[in-house]
Amino acid sequence: MPFSYERARRELLEELSKLQEQLERLEAAEYESVGYSNHIADDATDAFEQAVGVALQRKIEATLDEVKRALAKFEDGTYGLCEACGARIDRARLEVLPYAEYCLDCQSRQEHGGMRTVSR
Ligand SMILES: [Zn+2]
C-alpha cells in the first residue's frame, strides 16, 4: 500500500488506542504493586519494577502526547509540515515516524543541541 496522509492518520489512530491500552494496563499493575509493597516494605525487586513501570509510563505518555498532537494537525491542515521551518516533511520519514514534528534537517540540528523551538 503506498504511503498517504490518510494511511498515516489511520496508523496514528491505531497507535493512540494501543498506547492508551498500554497505559491503562500499566496503571492497573502499578496499583497492585503499591498494595503489595505496603506489606513487604523492603522488597527491592518490587521497588525496581515500580521504577521501571514509572519510566515506561512516562515514555508512553510522551509518545501519546506526540500522537495526539500529530492527529490535531490533521484538523489544522498542518500535518506533515515541519514545526520549526514549515517545510514539508519527507514522506519516507513520515512513513517510519508518522508523528514526526520536524523535517530531517531540523531534527538533526536539534539532536546536536543547536536549536531550541519556542512552540510548545
Ligand atoms: Zn524543518
# chains A, B, ... in the order shown; residues from 1 in each chain; ligands from 1
>>> residues_around(residues="Ala70 in chain A", least_positions_apart="3", cutoff="8 Å", atoms="only C-alpha atoms", output="PyMOL selection string")
chain A and resi 12+66-67+73-74+79+98-101
>>> residues_near_ligand(ligand="ligand 1", cutoff="9 Å", atoms="only C-alpha atoms and all ligand atoms", output="list in words")
Leu81, Cys82, Glu83, Ala84, Cys85, Gly86, Ala87, Arg88, Ile89, Glu101, Tyr102, Cys103, Leu104, Asp105, Cys106 and Gln107 of chain A
>>> write_last_selection(atoms="all heavy atoms", output="compact mmCIF listing (two decimals), in the first residue's frame")
# COMPACT_ATOMS: atom_id res chain seq x y z
N LEU A 81 3.97 19.03 8.02
CA LEU A 81 4.82 20.20 7.89
C LEU A 81 5.73 20.31 9.11
O LEU A 81 5.31 20.06 10.24
CB LEU A 81 3.97 21.48 7.79
CG LEU A 81 2.99 21.54 6.60
CD1 LEU A 81 2.21 22.84 6.65
CD2 LEU A 81 3.73 21.43 5.28
N CYS A 82 6.97 20.68 8.85
CA CYS A 82 7.95 20.82 9.92
C CYS A 82 7.53 21.95 10.87
O CYS A 82 7.20 23.04 10.41
CB CYS A 82 9.33 21.09 9.34
SG CYS A 82 10.56 21.47 10.57
N GLU A 83 7.58 21.67 12.17
CA GLU A 83 7.16 22.68 13.14
C GLU A 83 8.15 23.82 13.26
O GLU A 83 7.82 24.91 13.73
CB GLU A 83 6.95 22.04 14.51
CG GLU A 83 5.66 21.25 14.57
CD GLU A 83 5.26 20.91 16.00
OE1 GLU A 83 5.90 21.39 16.94
OE2 GLU A 83 4.29 20.16 16.13
N ALA A 84 9.36 23.57 12.88
CA ALA A 84 10.39 24.60 13.02
C ALA A 84 10.50 25.48 11.79
O ALA A 84 10.49 26.71 11.88
CB ALA A 84 11.74 23.96 13.34
N CYS A 85 10.57 24.88 10.60
CA CYS A 85 10.81 25.68 9.41
C CYS A 85 9.62 25.69 8.44
O CYS A 85 9.62 26.44 7.48
CB CYS A 85 12.09 25.22 8.70
SG CYS A 85 11.92 23.63 7.88
N GLY A 86 8.62 24.85 8.71
CA GLY A 86 7.43 24.85 7.87
C GLY A 86 7.56 24.09 6.57
O GLY A 86 6.62 24.04 5.78
N ALA A 87 8.70 23.46 6.37
CA ALA A 87 8.91 22.68 5.14
C ALA A 87 8.12 21.38 5.21
O ALA A 87 7.76 20.91 6.30
CB ALA A 87 10.39 22.37 4.97
N ARG A 88 7.81 20.83 4.06
CA ARG A 88 7.11 19.57 4.01
C ARG A 88 8.05 18.45 4.46
O ARG A 88 9.16 18.33 3.94
CB ARG A 88 6.63 19.33 2.57
CG ARG A 88 5.37 18.53 2.48
CD ARG A 88 4.73 18.70 1.12
NE ARG A 88 3.70 19.75 1.13
CZ ARG A 88 2.52 19.64 1.73
NH1 ARG A 88 2.22 18.55 2.41
NH2 ARG A 88 1.64 20.61 1.68
N ILE A 89 7.62 17.66 5.43
CA ILE A 89 8.46 16.57 5.90
C ILE A 89 8.44 15.44 4.87
O ILE A 89 7.39 15.13 4.30
CB ILE A 89 7.97 16.06 7.28
CG1 ILE A 89 8.02 17.19 8.31
CG2 ILE A 89 8.80 14.87 7.75
CD1 ILE A 89 7.40 16.85 9.65
N GLU A 101 7.71 15.60 14.12
CA GLU A 101 7.36 17.03 14.23
C GLU A 101 8.24 17.90 13.37
O GLU A 101 7.89 19.02 13.04
CB GLU A 101 7.47 17.48 15.69
CG GLU A 101 6.46 16.80 16.57
CD GLU A 101 6.59 17.21 18.02
OE1 GLU A 101 7.68 17.62 18.43
OE2 GLU A 101 5.59 17.12 18.73
N TYR A 102 9.43 17.39 13.05
CA TYR A 102 10.39 18.21 12.31
C TYR A 102 10.90 17.48 11.07
O TYR A 102 10.89 16.26 11.02
CB TYR A 102 11.60 18.53 13.21
CG TYR A 102 11.20 19.18 14.51
CD1 TYR A 102 11.25 18.47 15.70
CD2 TYR A 102 10.75 20.49 14.52
CE1 TYR A 102 10.87 19.07 16.88
CE2 TYR A 102 10.38 21.10 15.70
CZ TYR A 102 10.42 20.38 16.89
OH TYR A 102 10.05 20.96 18.05
N CYS A 103 11.32 18.25 10.11
CA CYS A 103 11.98 17.67 8.96
C CYS A 103 13.35 17.16 9.41
O CYS A 103 13.81 17.49 10.50
CB CYS A 103 12.11 18.69 7.83
SG CYS A 103 13.25 20.03 8.18
N LEU A 104 13.95 16.38 8.57
CA LEU A 104 15.21 15.74 8.94
C LEU A 104 16.28 16.76 9.31
O LEU A 104 17.02 16.58 10.28
CB LEU A 104 15.69 14.87 7.76
CG LEU A 104 16.39 13.57 8.12
CD1 LEU A 104 15.58 12.76 9.13
CD2 LEU A 104 16.65 12.76 6.87
N ASP A 105 16.34 17.86 8.57
CA ASP A 105 17.33 18.91 8.83
C ASP A 105 17.17 19.47 10.24
O ASP A 105 18.12 19.56 11.00
CB ASP A 105 17.17 20.05 7.82
CG ASP A 105 17.84 19.70 6.50
OD1 ASP A 105 18.48 18.63 6.45
OD2 ASP A 105 17.70 20.48 5.56
N CYS A 106 15.93 19.88 10.55
CA CYS A 106 15.67 20.49 11.85
C CYS A 106 15.87 19.48 12.97
O CYS A 106 16.38 19.83 14.03
CB CYS A 106 14.27 21.06 11.90
SG CYS A 106 14.07 22.47 10.80
N GLN A 107 15.47 18.24 12.72
CA GLN A 107 15.62 17.21 13.74
C GLN A 107 17.11 17.00 14.08
O GLN A 107 17.48 16.97 15.24
CB GLN A 107 15.02 15.89 13.26
CG GLN A 107 15.07 14.78 14.29
CD GLN A 107 14.08 14.99 15.43
OE1 GLN A 107 12.90 15.19 15.19
NE2 GLN A 107 14.55 14.93 16.66
>>> closest_residue(among="A:Ala44, A:Ala8, A:Leu97, A:Val54", to="Ala29 in chain A", atoms="only C-alpha atoms")
A:Val54
>>> select_by_dssp(residues="range 34-93 of chain A", states="helix (DSSP H, G or I)", output="number ranges by chain")
A: 34-39, 44-76, 91-93
>>> write_last_selection(atoms="C-alpha atoms", output="PDB file, in the first residue's frame")
ATOM      1  CA  VAL A  34       1.730  -0.433  45.507  1.00  0.00           C
ATOM      2  CA  GLY A  35      -0.652  -2.569  47.532  1.00  0.00           C
ATOM      3  CA  TYR A  36       1.979  -5.285  47.816  1.00  0.00           C
ATOM      4  CA  SER A  37       4.850  -3.054  48.880  1.00  0.00           C
ATOM      5  CA  ASN A  38       2.834  -1.930  51.874  1.00  0.00           C
ATOM      6  CA  HIS A  39       3.099  -5.461  53.188  1.00  0.00           C
ATOM      7  CA  ALA A  44      13.871  -4.304  46.327  1.00  0.00           C
ATOM      8  CA  THR A  45      12.565  -6.100  43.262  1.00  0.00           C
ATOM      9  CA  ASP A  46       9.181  -4.539  43.760  1.00  0.00           C
ATOM     10  CA  ALA A  47      10.673  -1.061  44.008  1.00  0.00           C
ATOM     11  CA  PHE A  48      12.740  -1.707  40.912  1.00  0.00           C
ATOM     12  CA  GLU A  49       9.755  -2.915  38.951  1.00  0.00           C
ATOM     13  CA  GLN A  50       7.840   0.123  40.067  1.00  0.00           C
ATOM     14  CA  ALA A  51      10.625   2.447  38.901  1.00  0.00           C
ATOM     15  CA  VAL A  52      10.728   0.709  35.528  1.00  0.00           C
ATOM     16  CA  GLY A  53       6.964   0.978  35.348  1.00  0.00           C
ATOM     17  CA  VAL A  54       7.039   4.711  36.018  1.00  0.00           C
ATOM     18  CA  ALA A  55       9.759   5.281  33.404  1.00  0.00           C
ATOM     19  CA  LEU A  56       7.784   3.260  30.891  1.00  0.00           C
ATOM     20  CA  GLN A  57       4.626   5.130  31.754  1.00  0.00           C
ATOM     21  CA  ARG A  58       6.337   8.478  31.170  1.00  0.00           C
ATOM     22  CA  LYS A  59       7.631   7.267  27.827  1.00  0.00           C
ATOM     23  CA  ILE A  60       4.177   6.074  26.771  1.00  0.00           C
ATOM     24  CA  GLU A  61       2.604   9.337  27.926  1.00  0.00           C
ATOM     25  CA  ALA A  62       5.154  11.350  25.950  1.00  0.00           C
ATOM     26  CA  THR A  63       4.502   9.299  22.818  1.00  0.00           C
ATOM     27  CA  LEU A  64       0.767   9.547  23.372  1.00  0.00           C
ATOM     28  CA  ASP A  65       1.143  13.304  23.532  1.00  0.00           C
ATOM     29  CA  GLU A  66       3.030  13.361  20.236  1.00  0.00           C
ATOM     30  CA  VAL A  67       0.454  11.146  18.578  1.00  0.00           C
ATOM     31  CA  LYS A  68      -2.367  13.404  19.785  1.00  0.00           C
ATOM     32  CA  ARG A  69      -0.543  16.472  18.528  1.00  0.00           C
ATOM     33  CA  ALA A  70       0.007  14.849  15.159  1.00  0.00           C
ATOM     34  CA  LEU A  71      -3.694  13.966  14.928  1.00  0.00           C
ATOM     35  CA  ALA A  72      -4.649  17.524  15.833  1.00  0.00           C
ATOM     36  CA  LYS A  73      -2.583  18.697  12.866  1.00  0.00           C
ATOM     37  CA  PHE A  74      -4.924  16.873  10.514  1.00  0.00           C
ATOM     38  CA  GLU A  75      -7.663  19.164  11.811  1.00  0.00           C
ATOM     39  CA  ASP A  76      -5.472  22.225  11.280  1.00  0.00           C
ATOM     40  CA  ARG A  91       7.136  11.120   3.130  1.00  0.00           C
ATOM     41  CA  ALA A  92       9.659   8.377   3.765  1.00  0.00           C
ATOM     42  CA  ARG A  93      10.268   9.927   7.170  1.00  0.00           C
TER      43      ARG A  93
END
>>> atom_distance(atom1="CA of Glu21 in chain A", atom2="CA of Glu6 in chain A")
22.9 Å
>>> atom_distance(atom1="CA of Glu32 in chain A", atom2="CA of Glu15 in chain A")
25.9 Å
